[in-house]
Amino acid sequence: GQNIDQPTEMTATEGAIVQINCTYQTSGFNGLFWYQQHAGEAPTFLSYNVLDGLEEKGRFSSFLSRSKGYSYLLLKELQMKDSASYLCAVRDQRGSQGNLIFGKGTKLSVKP
Amino acid sequence: ETGVTQTPRHLVMGMTNKKSLKCEQHLGHNAMYWYKQSAKKPLELMFVYNFKEQTENNSVPSRFSPECPNSSHLFLHLHTLQPEDSALYLCASSQDMRTSGEQYFGPGTRLTVT
């Protein structure tokens, strides 16, 4: 079956570092995506991992371990505007078709 | 601006009404998607079109009817909806569904069924 787990809510302080974890179980893994979604807005793409290791992009980094079915999104130097929901999504490859399976999202609140 | 637009942004409709949601992408992509986003639930994939052909219908009730006249436009026709269909309906596009490229989302239509 398919299952993606991530914490429902997290709180962190402006300027700090926060790590949002995601664990997954899929039948045909072909990449993991992180999206950011501010309230009332469209999800926007943050990062993509298909091989094990860390991908860094400015203040945001994403890590993947395929053997453990585990990923995390690391946000450094937190800013108030980082308050949003962070969606973990796994590309489930079945034959020639690869759909995204989303987790419920982690709502991050950044406090002053 | 994501390059994917959706209209209307908000829609209130009665259970006996018929309405349509529209999505347009200006990115030259070949795959388009409809998702439903309800509170405290993950994004649920509803339909997928790749090169104008429907490739996925994720057990969606027939009161939702998609239409894809070309690679840039996607519609979702609604009729005799139920209150539990109230949700945010998101459209997305990607280069095509076989590549690993990310999906680009529109701003969504907030639908309320009364």
# chains A, B, ... in the order shown; residues from 1 in each chain; ligands from 1
>>> select_by_dssp(residues="chain A", states="strand (DSSP E)", output="PyMOL selection string")
chain A and resi 3-5+9-13+18-25+29-37+44-49+53-57+60-65+70-75+84-94+97-102+106-111
>>> residues_around(residues="Arg63 (chain B)", least_positions_apart="4", cutoff="9 Å", atoms="only C-alpha atoms", output="VMD selection string")
chain B and resid 77 to 81
>>> closest_atom_pairs(of="chain B", to="chain A", cutoff="7 Å", atoms="only C-alpha atoms", output="CSV")
residue,atom,partner,partner_atom,distance
B:Lys40,CA,A:Lys104,CA,6.6
B:Lys41,CA,A:Lys104,CA,5.4
B:Pro42,CA,A:Lys104,CA,4.0
B:Leu43,CA,A:Phe102,CA,5.8
B:Met97,CA,A:Gly98,CA,6.0
B:Arg98,CA,A:Gln97,CA,5.8
B:Glu102,CA,A:Phe45,CA,6.9
B:Tyr104,CA,A:Thr44,CA,7.0
B:Phe105,CA,A:Ala42,CA,5.7
B:Gly106,CA,A:Ala42,CA,5.7
B:Pro107,CA,A:Ala42,CA,4.4
B:Gly108,CA,A:Ala42,CA,6.6
>>> residues_around(residues="region 24-28 of chain B", least_positions_apart="5", cutoff="7 Å", atoms="only C-alpha atoms", output="PyMOL selection string")
chain B and resi 3-6+72-74
>>> write_last_selection(atoms="C-alpha atoms", output="JSON list (two decimals), in the first residue's frame")
[["chain", "number", "residue", "atom", "x", "y", "z"],
["B", 3, "GLY", "CA", 1.80, 30.14, -14.88],
["B", 4, "VAL", "CA", -1.30, 28.14, -13.98],
["B", 5, "THR", "CA", -4.54, 30.08, -13.60],
["B", 6, "GLN", "CA", -7.89, 28.93, -12.30],
["B", 72, "SER", "CA", -3.38, 24.10, -22.15],
["B", 73, "HIS", "CA", -6.93, 23.90, -20.83],
["B", 74, "LEU", "CA", -8.67, 21.67, -18.32]]
>>> atom_distance(atom1="CA of Thr11 (chain A)", atom2="CA of Gly69 (chain A)")
24.5 Å
>>> closest_residue(among="B:Met15, B:Leu21, B:Ala92, B:Leu111", to="Asn50 (chain B)", atoms="only C-alpha atoms")
B:Ala92
>>> closest_residue(among="B:Ser62, B:Phe47, B:Lys18, B:Val113", to="Ser86 (chain B)", atoms="only C-alpha atoms")
B:Val113
